[in-house]
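Dropping coords05.cif in here (mmCIF, C-alpha atoms):
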```cif
data_query
loop_
_atom_site.label_atom_id
_atom_site.label_comp_id
_atom_site.auth_asym_id
_atom_site.auth_seq_id
_atom_site.Cartn_x
_atom_site.Cartn_y
_atom_site.Cartn_z
CA MET A 175 -31.31 22.16 8.26
CA ALA A 176 -30.91 18.74 9.86
CA ASP A 177 -29.43 18.32 13.30
CA ALA A 178 -25.66 18.57 13.59
CA LEU A 179 -23.61 15.41 13.01
CA LYS A 180 -21.76 14.76 16.26
CA ILE A 181 -18.22 13.43 15.93
CA GLY A 182 -16.17 11.51 18.48
CA LEU A 183 -12.47 11.72 17.62
CA ALA A 184 -10.10 9.02 18.94
CA GLY A 185 -6.52 10.12 18.39
CA LEU A 186 -5.09 13.63 18.09
CA GLY A 187 -1.80 12.93 16.38
CA THR A 188 -0.80 14.53 13.09
CA VAL A 189 -3.92 13.39 11.24
CA GLY A 190 -6.36 13.85 14.11
CA ALA A 191 -5.14 17.36 14.86
CA SER A 192 -5.35 18.29 11.16
CA LEU A 193 -8.90 16.97 10.99
CA ALA A 194 -9.92 18.87 14.11
CA ARG A 195 -8.53 22.12 12.69
CA ILE A 196 -10.31 21.64 9.35
CA LEU A 197 -13.65 20.81 10.97
CA THR A 198 -13.34 23.91 13.17
CA THR A 199 -12.08 26.47 10.66
CA ARG A 200 -14.36 25.37 7.80
CA ALA A 201 -17.49 24.64 9.81
CA ASN A 202 -19.68 27.05 7.84
CA GLU A 203 -18.63 25.80 4.41
CA LEU A 204 -19.09 22.18 5.46
CA ALA A 205 -22.57 22.87 6.84
CA VAL A 206 -23.63 24.31 3.48
CA THR A 207 -22.01 21.51 1.45
CA CYS A 208 -23.29 18.66 3.61
CA GLY A 209 -26.67 20.12 4.49
CA ARG A 210 -25.97 19.93 8.21
CA ALA A 211 -23.34 21.08 10.66
CA ILE A 212 -20.48 18.74 11.63
CA GLU A 213 -19.29 19.16 15.20
CA ILE A 214 -16.62 17.46 17.30
CA THR A 215 -18.35 16.76 20.61
CA ALA A 216 -16.01 14.16 22.12
CA VAL A 217 -12.28 13.37 21.95
CA THR A 218 -9.73 11.07 23.49
CA ALA A 219 -5.95 11.37 23.36
CA ARG A 220 -2.96 10.59 25.57
CA ASP A 221 -2.16 14.21 26.42
CA ARG A 222 -4.95 16.69 27.11
CA THR A 223 -2.57 19.64 27.58
CA LYS A 224 -0.71 19.51 24.28
CA ASP A 225 -1.22 22.49 21.96
CA ARG A 226 -2.67 21.14 18.72
CA GLY A 227 -3.56 24.47 17.16
CA VAL A 228 -7.29 24.11 17.79
CA ASP A 229 -9.49 24.95 20.76
CA LEU A 230 -11.03 21.77 22.19
CA SER A 231 -11.76 23.15 25.65
CA ARG A 232 -15.53 22.85 25.20
CA VAL A 233 -15.40 19.26 23.95
CA ALA A 234 -16.03 16.28 26.21
CA TRP A 235 -12.80 14.41 26.95
CA PHE A 236 -12.67 10.68 27.64
CA ASP A 237 -9.85 8.70 29.22
CA THR A 238 -10.03 5.85 26.71
CA ALA A 239 -11.32 5.26 23.21
CA GLU A 240 -13.42 2.36 24.47
CA GLU A 241 -15.18 4.59 26.99
CA MET A 242 -15.89 7.20 24.33
CA ALA A 243 -17.24 4.58 21.92
CA GLU A 244 -19.53 3.17 24.60
CA LYS A 245 -20.76 6.34 26.34
CA ALA A 246 -20.23 9.52 24.32
CA ASP A 247 -23.19 11.38 22.80
CA ILE A 248 -21.98 11.02 19.20
CA ASP A 249 -23.17 9.86 15.78
CA VAL A 250 -19.79 8.98 14.26
CA PHE A 251 -16.75 7.39 15.88
CA VAL A 252 -13.52 8.42 14.11
CA GLU A 253 -10.59 6.11 14.90
CA LEU A 254 -7.15 7.62 14.15
CA MET A 255 -5.02 5.80 16.73
CA GLY A 256 -3.69 2.98 14.56
CA GLY A 257 -2.71 -0.57 15.45
CA ALA A 258 -4.30 -3.88 14.50
CA GLU A 259 -5.19 -4.85 18.05
CA GLY A 260 -5.80 -3.35 21.47
CA SER A 261 -7.73 -0.14 21.94
CA ALA A 262 -8.35 0.52 18.25
CA ASP A 263 -9.93 -2.88 17.73
CA ARG A 264 -11.99 -2.84 20.91
CA SER A 265 -13.29 0.69 20.44
CA VAL A 266 -14.28 0.22 16.78
CA ARG A 267 -16.18 -2.96 17.68
CA ALA A 268 -17.88 -1.16 20.56
CA ALA A 269 -18.91 1.75 18.33
CA LEU A 270 -20.30 -0.48 15.60
CA GLY A 271 -22.07 -2.67 18.13
CA ARG A 272 -23.72 0.42 19.56
CA GLY A 273 -24.99 1.39 16.11
CA LEU A 274 -22.57 4.27 15.46
CA HIS A 275 -21.06 5.03 12.10
CA VAL A 276 -17.28 4.53 12.04
CA VAL A 277 -14.54 6.23 10.02
CA THR A 278 -10.99 4.89 10.27
CA ALA A 279 -7.60 5.23 8.59
CA ASN A 280 -6.39 1.96 10.14
CA LYS A 281 -5.23 -0.37 7.34
CA ALA A 282 -3.63 -2.82 9.77
CA LEU A 283 -6.94 -3.29 11.61
CA LEU A 284 -8.88 -3.72 8.35
CA ALA A 285 -6.34 -6.17 6.94
CA ARG A 286 -6.63 -8.31 10.08
CA CYS A 287 -10.39 -8.26 10.72
CA GLY A 288 -12.04 -6.08 8.07
CA VAL A 289 -14.51 -8.74 6.98
CA GLU A 290 -15.72 -9.27 10.54
CA LEU A 291 -16.08 -5.52 11.12
CA ALA A 292 -17.92 -5.15 7.81
CA ARG A 293 -20.35 -7.86 8.86
CA ILE A 294 -21.11 -6.05 12.14
CA ALA A 295 -21.61 -2.71 10.35
CA GLU A 296 -23.97 -4.23 7.80
CA GLU A 297 -25.97 -6.03 10.47
CA LYS A 298 -26.37 -2.76 12.37
CA GLY A 299 -27.16 -0.77 9.24
CA VAL A 300 -24.32 1.72 9.77
CA LEU A 301 -21.42 2.91 7.65
CA LEU A 302 -17.80 1.83 8.06
CA ASN A 303 -15.73 4.16 5.88
CA PHE A 304 -11.96 3.89 5.42
CA GLU A 305 -10.83 5.96 2.42
CA ALA A 306 -7.75 7.17 4.32
CA ALA A 307 -6.54 3.62 4.99
CA VAL A 308 -5.12 3.22 1.46
CA ALA A 309 -3.03 5.75 -0.47
CA GLY A 310 -3.77 8.78 1.71
CA GLY A 311 -5.71 11.42 -0.18
CA ILE A 312 -6.26 9.36 -3.35
CA PRO A 313 -9.95 8.31 -3.56
CA VAL A 314 -9.23 4.73 -4.65
CA ILE A 315 -11.63 3.13 -2.14
CA LYS A 316 -14.58 5.14 -3.45
CA ALA A 317 -13.55 4.36 -7.02
CA LEU A 318 -13.53 0.60 -6.43
CA ARG A 319 -16.51 0.51 -4.07
CA GLU A 320 -18.82 2.85 -5.99
CA SER A 321 -17.54 4.50 -9.17
CA LEU A 322 -16.51 1.30 -10.99
CA THR A 323 -19.74 -0.57 -10.29
CA GLY A 324 -20.43 -2.88 -13.24
CA ASN A 325 -16.78 -3.08 -14.27
CA SER A 326 -14.91 -6.37 -14.01
CA VAL A 327 -11.49 -5.53 -12.58
CA SER A 328 -8.58 -7.64 -13.81
CA ARG A 329 -5.66 -5.98 -12.03
CA VAL A 330 -4.91 -3.40 -9.35
CA TYR A 331 -1.38 -2.23 -8.71
CA GLY A 332 0.56 0.77 -7.58
CA ILE A 333 3.00 2.66 -5.41
CA MET A 334 1.38 2.70 -1.98
CA ASN A 335 4.17 3.59 0.43
CA GLY A 336 5.67 7.08 0.35
CA THR A 337 8.67 6.15 2.49
CA CYS A 338 9.89 3.53 0.02
CA ASN A 339 9.19 5.71 -2.99
CA TYR A 340 11.09 8.59 -1.41
CA ILE A 341 14.12 6.39 -0.72
CA LEU A 342 14.21 4.89 -4.22
CA THR A 343 13.78 8.34 -5.79
CA ARG A 344 16.66 9.84 -3.78
CA MET A 345 18.89 6.88 -4.58
CA GLU A 346 18.34 7.41 -8.29
CA LYS A 347 18.38 11.21 -8.42
CA GLU A 348 21.37 11.75 -6.12
CA GLY A 349 23.32 8.51 -6.33
CA LEU A 350 23.05 7.90 -2.58
CA SER A 351 23.06 4.53 -0.84
CA PHE A 352 19.94 2.96 0.61
CA GLU A 353 21.25 3.55 4.14
CA ALA A 354 21.92 7.26 3.51
CA CYS A 355 18.47 7.81 2.00
CA LEU A 356 16.78 5.97 4.88
CA LYS A 357 18.49 8.21 7.43
CA GLU A 358 17.36 11.31 5.53
CA ALA A 359 13.79 9.96 5.38
CA GLN A 360 13.87 9.46 9.15
CA ARG A 361 15.21 12.98 9.69
CA LEU A 362 12.39 14.45 7.61
CA GLY A 363 9.74 12.36 9.36
CA TYR A 364 8.91 10.23 6.30
CA ALA A 365 10.22 7.09 8.03
CA GLU A 366 9.78 5.89 11.61
CA ALA A 367 12.66 5.30 14.01
CA ASP A 368 11.99 1.60 13.33
CA PRO A 369 11.26 1.67 9.58
CA THR A 370 10.84 -2.10 9.16
CA PHE A 371 7.08 -2.02 8.58
CA ASP A 372 7.52 0.34 5.63
CA ILE A 373 10.75 -0.78 3.97
CA GLU A 374 10.01 -4.52 4.17
CA GLY A 375 6.69 -4.05 2.39
CA ASN A 376 4.24 -4.81 5.24
CA ASP A 377 2.47 -1.45 4.99
CA THR A 378 1.96 -1.89 1.24
CA ALA A 379 0.75 -5.47 1.81
CA HIS A 380 -2.00 -4.36 4.20
CA LYS A 381 -3.23 -1.79 1.69
CA LEU A 382 -3.05 -4.27 -1.18
CA ALA A 383 -5.09 -6.84 0.76
CA ILE A 384 -7.89 -4.30 1.18
CA LEU A 385 -7.82 -3.32 -2.50
CA THR A 386 -7.87 -6.99 -3.52
CA THR A 387 -11.10 -7.58 -1.63
CA LEU A 388 -12.74 -4.49 -3.10
CA ALA A 389 -11.57 -5.35 -6.63
CA PHE A 390 -12.35 -9.06 -6.72
CA GLY A 391 -15.01 -9.69 -4.06
CA THR A 392 -12.92 -12.14 -2.05
CA GLU A 393 -12.28 -12.31 1.67
CA ILE A 394 -9.27 -10.32 2.90
CA ALA A 395 -6.14 -12.47 2.75
CA ALA A 396 -3.21 -10.37 3.94
CA ASP A 397 -1.23 -13.49 4.90
CA GLU A 398 -1.34 -14.80 1.32
CA ILE A 399 0.76 -11.99 -0.18
CA TYR A 400 4.24 -12.64 -1.56
CA LEU A 401 6.31 -10.06 0.25
CA GLU A 402 9.71 -8.53 -0.49
CA GLY A 403 10.97 -5.12 0.64
CA ILE A 404 13.57 -2.68 -0.69
CA SER A 405 16.34 -3.04 1.90
CA ASN A 406 18.44 -5.14 -0.50
CA ILE A 407 18.23 -2.67 -3.40
CA SER A 408 21.69 -1.28 -4.12
CA ILE A 409 22.83 1.76 -6.03
CA GLU A 410 24.23 -0.69 -8.59
CA ASP A 411 20.70 -1.98 -9.21
CA ILE A 412 19.44 1.59 -9.64
CA HIS A 413 22.16 2.37 -12.19
CA ALA A 414 21.70 -0.90 -14.07
CA ALA A 415 17.95 -0.30 -14.30
CA ALA A 416 18.53 3.19 -15.69
CA ASP A 417 20.94 1.86 -18.33
CA LEU A 418 18.29 -0.64 -19.44
CA GLY A 419 15.55 2.02 -19.60
CA TYR A 420 13.82 1.24 -16.30
CA ARG A 421 13.22 2.74 -12.88
CA ILE A 422 12.79 0.71 -9.69
CA LYS A 423 9.58 1.12 -7.68
CA LEU A 424 8.08 -0.87 -4.81
CA LEU A 425 4.78 -2.05 -6.23
CA GLY A 426 1.83 -3.86 -4.76
CA VAL A 427 0.14 -5.96 -7.46
CA ALA A 428 -3.11 -7.93 -7.31
CA GLN A 429 -4.54 -9.64 -10.38
CA ARG A 430 -7.17 -12.17 -11.28
CA THR A 431 -6.04 -15.30 -13.10
CA GLU A 432 -7.84 -18.45 -14.26
CA SER A 433 -6.67 -20.31 -11.14
CA GLY A 434 -7.34 -17.61 -8.55
CA ILE A 435 -6.02 -14.30 -7.24
CA GLU A 436 -2.35 -13.36 -7.24
CA GLN A 437 -1.09 -10.83 -4.65
CA ARG A 438 2.51 -9.67 -4.44
CA VAL A 439 4.59 -6.80 -3.07
CA HIS A 440 8.17 -6.39 -4.26
CA PRO A 441 10.65 -4.04 -5.94
CA THR A 442 9.78 -3.80 -9.63
CA MET A 443 11.40 -2.38 -12.72
CA VAL A 444 9.00 -0.28 -14.81
CA PRO A 445 9.79 1.36 -18.17
CA HIS A 446 11.25 4.83 -17.73
CA ASP A 447 8.70 6.33 -20.12
CA SER A 448 5.65 4.85 -18.35
CA VAL A 449 3.45 7.20 -16.35
CA ILE A 450 3.85 5.27 -13.09
CA ALA A 451 7.65 5.52 -13.39
CA GLN A 452 7.34 9.31 -13.13
CA VAL A 453 5.76 9.13 -9.66
CA ASP A 454 8.51 10.36 -7.34
CA GLY A 455 9.10 11.20 -3.70
CA VAL A 456 6.37 10.50 -1.13
CA THR A 457 3.64 10.56 -3.80
CA ASN A 458 1.45 7.46 -4.24
CA ALA A 459 -0.18 6.06 -7.38
CA VAL A 460 -2.79 3.35 -7.88
CA ALA A 461 -3.72 1.86 -11.27
CA ILE A 462 -6.90 -0.11 -11.95
CA GLU A 463 -7.46 -2.19 -15.10
CA SER A 464 -11.07 -3.09 -15.92
CA ASP A 465 -13.11 -4.27 -18.89
CA ILE A 466 -15.44 -1.28 -19.37
CA LEU A 467 -13.40 1.75 -18.31
CA GLY A 468 -10.05 0.33 -19.37
CA GLU A 469 -7.12 1.68 -17.40
CA LEU A 470 -7.35 4.29 -14.66
CA LEU A 471 -4.37 5.81 -12.84
CA MET A 472 -4.83 7.96 -9.74
CA VAL A 473 -1.86 9.90 -8.36
CA GLY A 474 -1.63 12.06 -5.27
CA PRO A 475 -0.29 12.59 -1.75
CA GLY A 476 -0.08 9.23 -0.02
CA ALA A 477 0.55 10.39 3.52
CA GLY A 478 0.77 13.43 5.77
CA GLY A 479 -1.65 15.15 8.09
CA ASN A 480 -3.63 17.18 5.58
CA ALA A 481 -3.79 14.53 2.84
CA THR A 482 -5.03 11.83 5.21
CA ALA A 483 -7.34 14.23 7.04
CA SER A 484 -8.87 15.18 3.68
CA ALA A 485 -9.76 11.54 3.03
CA VAL A 486 -11.20 11.15 6.54
CA LEU A 487 -13.23 14.32 6.07
CA GLY A 488 -14.63 12.98 2.79
CA ASP A 489 -15.84 9.87 4.63
CA ILE A 490 -17.47 11.99 7.34
CA ALA A 491 -19.13 14.19 4.69
CA ASP A 492 -20.59 11.09 3.02
CA ILE A 493 -22.16 10.13 6.34
CA ALA A 494 -23.48 13.66 6.88
CA LYS A 495 -25.16 13.58 3.46
CA SER A 496 -26.61 10.09 3.83
CA GLN A 497 -30.31 9.69 4.54
CA PRO A 498 -31.48 7.64 7.54
CA GLY A 499 -32.75 4.26 6.42
CA ALA A 500 -31.27 4.61 2.94
CA GLN A 501 -29.65 1.62 1.23
CA ARG A 502 -26.01 1.41 2.33
CA VAL A 503 -23.13 0.66 -0.02
CA PRO A 504 -21.54 -2.59 1.24
CA VAL A 505 -18.47 -1.85 3.33
CA LEU A 506 -16.15 -3.92 1.12
CA GLY A 507 -18.01 -3.40 -2.15
CA THR A 508 -19.65 -6.81 -1.84
CA PRO A 509 -21.85 -7.69 1.16
CA ALA A 510 -19.64 -9.37 3.77
CA ALA A 511 -21.80 -12.52 3.75
CA ARG A 512 -21.31 -12.89 -0.01
CA LEU A 513 -17.55 -12.46 -0.21
CA GLU A 514 -15.94 -15.48 -1.83
CA PRO A 515 -13.21 -17.46 -0.05
CA TYR A 516 -9.78 -16.32 -1.19
CA ARG A 517 -8.24 -18.71 -3.71
CA LYS A 518 -4.53 -18.21 -4.25
CA ALA A 519 -3.45 -18.36 -7.89
CA GLN A 520 -1.18 -21.11 -9.11
CA MET A 521 2.28 -20.14 -10.27
CA GLN A 522 2.21 -18.77 -13.80
CA SER A 523 4.62 -17.25 -16.28
CA HIS A 524 5.49 -13.64 -15.51
CA GLU A 525 4.97 -11.70 -18.72
CA GLY A 526 7.38 -8.91 -17.91
CA GLY A 527 10.41 -11.11 -17.36
CA TYR A 528 13.14 -10.70 -14.74
CA PHE A 529 16.26 -8.67 -14.09
CA ILE A 530 19.08 -10.77 -12.59
CA ARG A 531 22.34 -9.22 -11.37
CA LEU A 532 25.26 -11.54 -10.68
CA THR A 533 28.72 -10.61 -9.44
CA VAL A 534 30.92 -13.49 -10.58
CA LEU A 535 34.56 -14.31 -10.09
CA ASP A 536 36.65 -13.89 -13.24
CA ARG A 537 37.19 -17.55 -14.02
CA ALA A 538 37.11 -19.64 -17.16
CA GLY A 539 33.77 -21.34 -17.78
CA VAL A 540 31.68 -19.03 -15.59
CA PHE A 541 29.64 -17.56 -18.46
CA ALA A 542 29.04 -21.04 -19.86
CA SER A 543 27.85 -22.26 -16.45
CA VAL A 544 25.41 -19.35 -16.11
CA ALA A 545 24.04 -19.97 -19.61
CA THR A 546 23.67 -23.68 -18.86
CA GLN A 547 21.61 -23.02 -15.74
CA MET A 548 19.33 -20.71 -17.69
CA ALA A 549 18.87 -23.26 -20.48
CA GLN A 550 18.27 -26.20 -18.12
CA ASN A 551 15.43 -24.25 -16.48
CA GLY A 552 13.84 -23.22 -19.77
CA ILE A 553 14.70 -19.52 -19.42
CA SER A 554 15.07 -17.47 -22.59
CA LEU A 555 17.29 -14.39 -22.27
CA GLU A 556 16.45 -11.04 -23.82
CA SER A 557 19.86 -9.53 -23.09
CA ILE A 558 23.17 -10.14 -21.32
CA VAL A 559 25.30 -7.18 -20.27
CA GLN A 560 28.66 -7.14 -18.51
CA ARG A 561 29.19 -4.05 -16.38
CA ALA A 562 32.29 -2.43 -14.93
CA ASN A 563 33.28 -3.62 -11.47
CA GLY A 564 31.83 -0.59 -9.69
CA GLY A 565 33.20 -1.42 -6.27
CA THR A 566 33.28 -5.20 -6.66
CA PRO A 567 36.53 -7.11 -6.07
CA SER A 568 39.11 -6.61 -8.83
CA ASP A 569 38.86 -10.28 -9.85
CA ALA A 570 35.07 -10.13 -10.21
CA LYS A 571 32.67 -9.04 -12.94
CA THR A 572 29.05 -7.95 -12.82
CA ILE A 573 26.67 -9.65 -15.23
CA ILE A 574 23.17 -8.33 -15.90
CA LEU A 575 20.64 -10.77 -17.35
CA VAL A 576 17.18 -9.76 -18.59
CA THR A 577 14.84 -12.67 -19.29
CA HIS A 578 11.79 -13.05 -21.45
CA ALA A 579 8.53 -14.17 -19.81
CA THR A 580 9.23 -17.12 -17.55
CA MET A 581 8.19 -18.82 -14.34
CA GLU A 582 9.23 -17.51 -10.94
CA ASN A 583 10.28 -20.95 -9.72
CA SER A 584 12.37 -21.44 -12.85
CA VAL A 585 14.30 -18.27 -12.11
CA ARG A 586 14.80 -19.24 -8.48
CA LYS A 587 16.03 -22.72 -9.44
CA ALA A 588 18.46 -21.27 -11.96
CA VAL A 589 19.81 -18.80 -9.40
CA ASP A 590 20.18 -21.57 -6.81
CA GLY A 591 22.13 -23.59 -9.37
CA ILE A 592 24.40 -20.64 -10.06
CA LYS A 593 24.98 -20.14 -6.33
CA ALA A 594 25.94 -23.79 -5.99
CA GLY A 595 28.73 -23.24 -8.53
CA ASN A 596 30.76 -21.31 -5.92
CA TYR A 597 31.82 -18.58 -8.34
CA LEU A 598 29.65 -15.75 -7.03
CA SER A 599 30.89 -12.78 -5.02
CA GLY A 600 27.93 -11.65 -2.93
CA GLU A 601 24.25 -12.51 -3.24
CA PRO A 602 22.44 -12.48 -6.62
CA GLN A 603 19.75 -9.86 -7.16
CA VAL A 604 16.44 -10.79 -8.80
CA ILE A 605 13.86 -8.10 -9.64
CA ARG A 606 10.62 -8.53 -11.60
CA ILE A 607 10.00 -6.33 -14.62
CA GLU A 608 6.49 -4.93 -15.19
CA ARG A 609 5.45 -3.46 -18.50
CA PRO A 610 2.14 -1.66 -17.97
CA LYS A 611 -0.14 -1.91 -21.00
CA ALA A 612 -0.76 1.82 -21.29
CA LEU A 613 0.58 3.35 -18.09
#
```
Take the structure from the file and write it as structure tokens.
Amino acid sequence: MADALKIGLAGLGTVGASLARILTTRANELAVTCGRAIEITAVTARDRTKDRGVDLSRVAWFDTAEEMAEKADIDVFVELMGGAEGSADRSVRAALGRGLHVVTANKALLARCGVELARIAEEKGVLLNFEAAVAGGIPVIKALRESLTGNSVSRVYGIMNGTCNYILTRMEKEGLSFEACLKEAQRLGYAEADPTFDIEGNDTAHKLAILTTLAFGTEIAADEIYLEGISNISIEDIHAAADLGYRIKLLGVAQRTESGIEQRVHPTMVPHDSVIAQVDGVTNAVAIESDILGELLMVGPGAGGNATASAVLGDIADIAKSQPGAQRVPVLGTPAARLEPYRKAQMQSHEGGYFIRLTVLDRAGVFASVATQMAQNGISLESIVQRANGGTPSDAKTIILVTHATMENSVRKAVDGIKAGNYLSGEPQVIRIERPKAL
């Protein structure tokens, strides 16, 4: 049997501690499966005394991740600290520069400088694996980087943030407000004390940027993503969607068009009978549409210690099984030097149409004014529904409009025109509708 694969573990939080326990308790099985033992020989964490449910007394401890990356006797540097800058960035660069393999779950770091890190790894002939950075335990990175070789991907989309999916699910199932569901998510540990990064879509955007590069062979462009979170989704929107046969999900969507690549993160209405609409709670789902395979949907745990540790372990096992000097799979699916510059797609008609909710004052001519704005902007309506007040002022009515395929800027211009009419009570709500081909 080959020499043991020596692991340096930076970060012993929920995921790091889970990984350490798995590597320790299943050492024999892993040695048989991988053809060599996998041993943690170095660690770094803020608190050496904390009980993490695993004995690390015989492991070399380092004060900083940078020191461990530079000096530890290891083969693989595992970064589980998080953060796009600072120690995570410096230590990963140091490890790669030294010729160590790296495994990370850090989507923020990859979204910011993944191409640069990939270039270093490829120059040094080492692996940079990051399955756990996107969708937790779902093997979407391996699918795009290896399993779908030869396929031309046209679209990647999915539910990639468990916090948002949990909140939207609770709102629908129990009729609770966004604020009440967020507090419950924080109590259960699904949401941070400051949940902004999750609920405003930033977390999903980082993951989508990585998937976009893997799917389309372009440089990572996290700053080119249209971004909208779920904090403005009301229980009225949830109920209206249900009445129309939809459920609301926060989706990340990347697709290839004739003019470039389109990336967007926003609340989306999906048909109630579609498979992706059935994905509830903290579960994640990623769909891939390609020319040879067709449509693939992967569903599974998107977060949590064991789910993420499982993905990290899979990356480590791949390294353990790899042969020295063997041809490496490019870090981002395409060699870093051959990634194409990102070209943002021009605005195009959205096939699924839009949901528009307006709370209007009960005045003569209001409906005619709304219809005029739609017509002037070339928007064809699929349906118009007037709903009961449901908490709105007694002299106001709620109007639900569902459009046919139309342009985003046309919808925004029409809504701006309606707002200028001074007959709205509260802000309009605009939500895209997606109609998956087979999902």
Could you pull the residues within 6 Å of stretch 400-402 of chain A, counting all atoms listed in the file, minus those fewer than 3 positions along the same chain, as an mmCIF file with C-alpha atoms, in the coordinates of the input?
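And here is the file that came out, result24.cif:
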```
data_model
loop_
_atom_site.group_PDB
_atom_site.id
_atom_site.type_symbol
_atom_site.label_atom_id
_atom_site.label_comp_id
_atom_site.auth_asym_id
_atom_site.auth_seq_id
_atom_site.Cartn_x
_atom_site.Cartn_y
_atom_site.Cartn_z
ATOM 1 C CA ARG A 438 2.510 -9.670 -4.440
ATOM 2 C CA VAL A 439 4.590 -6.800 -3.070
ATOM 3 C CA HIS A 440 8.170 -6.390 -4.260
#
```
remark   = Min atom-atom distance to A:Thr386 from the set A:Gln501, A:Thr442, A:Thr508, A:Asn583, counting only C-alpha atoms, belongs to A:Thr508
Taking only C-alpha atoms into account, produce a table as a Markdown table in which each residue of stretch 488-602 of chain A with an atom at most 10 Å from an atom of stretch 315-320 of chain A appears once, together with its shortest atom pair and the distance in Å to one decimal, ordered by chain and rising number.
```
| residue | atom | partner | partner_atom | distance |
| --- | --- | --- | --- | --- |
| A:Asp489 | CA | A:Lys316 | CA | 9.4 |
| A:Val503 | CA | A:Glu320 | CA | 7.7 |
| A:Pro504 | CA | A:Arg319 | CA | 7.9 |
| A:Val505 | CA | A:Arg319 | CA | 8.0 |
| A:Leu506 | CA | A:Arg319 | CA | 6.8 |
| A:Gly507 | CA | A:Arg319 | CA | 4.6 |
| A:Thr508 | CA | A:Arg319 | CA | 8.3 |
```
task = Would you translate the PyMOL selection byres ((chain A and resi 463-480) around 7) into the concrete set of residues it matches in this file, as a ChimeraX atom specification?
result = /A:188-189,192,309-312,325-330,334,336,456-462,481-484
request  = Could you expand the PyMOL selection byres ((chain A and resi 364-376) around 10) into the explicit residues it covers here, written as a ChimeraX atom specification?
outcome  = /A:282,334-341,356-363,377-382,396,399-406,424-426,438-441,456,477-478
Would you export the selected residues with C-alpha atoms as a compact mmCIF listing (two decimals), keeping the file's coordinate frame, please?
```txt
# COMPACT_ATOMS: atom_id res chain seq x y z
CA ALA A 282 -3.63 -2.82 9.77
CA MET A 334 1.38 2.70 -1.98
CA ASN A 335 4.17 3.59 0.43
CA GLY A 336 5.67 7.08 0.35
CA THR A 337 8.67 6.15 2.49
CA CYS A 338 9.89 3.53 0.02
CA ASN A 339 9.19 5.71 -2.99
CA TYR A 340 11.09 8.59 -1.41
CA ILE A 341 14.12 6.39 -0.72
CA LEU A 356 16.78 5.97 4.88
CA LYS A 357 18.49 8.21 7.43
CA GLU A 358 17.36 11.31 5.53
CA ALA A 359 13.79 9.96 5.38
CA GLN A 360 13.87 9.46 9.15
CA ARG A 361 15.21 12.98 9.69
CA LEU A 362 12.39 14.45 7.61
CA GLY A 363 9.74 12.36 9.36
CA ASP A 377 2.47 -1.45 4.99
CA THR A 378 1.96 -1.89 1.24
CA ALA A 379 0.75 -5.47 1.81
CA HIS A 380 -2.00 -4.36 4.20
CA LYS A 381 -3.23 -1.79 1.69
CA LEU A 382 -3.05 -4.27 -1.18
CA ALA A 396 -3.21 -10.37 3.94
CA ILE A 399 0.76 -11.99 -0.18
CA TYR A 400 4.24 -12.64 -1.56
CA LEU A 401 6.31 -10.06 0.25
CA GLU A 402 9.71 -8.53 -0.49
CA GLY A 403 10.97 -5.12 0.64
CA ILE A 404 13.57 -2.68 -0.69
CA SER A 405 16.34 -3.04 1.90
CA ASN A 406 18.44 -5.14 -0.50
CA LEU A 424 8.08 -0.87 -4.81
CA LEU A 425 4.78 -2.05 -6.23
CA GLY A 426 1.83 -3.86 -4.76
CA ARG A 438 2.51 -9.67 -4.44
CA VAL A 439 4.59 -6.80 -3.07
CA HIS A 440 8.17 -6.39 -4.26
CA PRO A 441 10.65 -4.04 -5.94
CA VAL A 456 6.37 10.50 -1.13
CA ALA A 477 0.55 10.39 3.52
CA GLY A 478 0.77 13.43 5.77
```
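With atom CA of A:Gly182 on one side and atom CA of A:Val314 on the other, the separation reads 25.1 Å.
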Decode the PyMOL selection byres ((chain A and resi 235) around 8) for the given file into explicit residues and return them as an mmCIF file with C-alpha atoms, in the frame of the given file.
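Saved to part28.cif:
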```cif
data_model
loop_
_atom_site.group_PDB
_atom_site.id
_atom_site.type_symbol
_atom_site.label_atom_id
_atom_site.label_comp_id
_atom_site.auth_asym_id
_atom_site.auth_seq_id
_atom_site.Cartn_x
_atom_site.Cartn_y
_atom_site.Cartn_z
ATOM 1 C CA ALA A 216 -16.010 14.160 22.120
ATOM 2 C CA VAL A 217 -12.280 13.370 21.950
ATOM 3 C CA THR A 218 -9.730 11.070 23.490
ATOM 4 C CA VAL A 233 -15.400 19.260 23.950
ATOM 5 C CA ALA A 234 -16.030 16.280 26.210
ATOM 6 C CA PHE A 236 -12.670 10.680 27.640
ATOM 7 C CA ASP A 237 -9.850 8.700 29.220
#
```
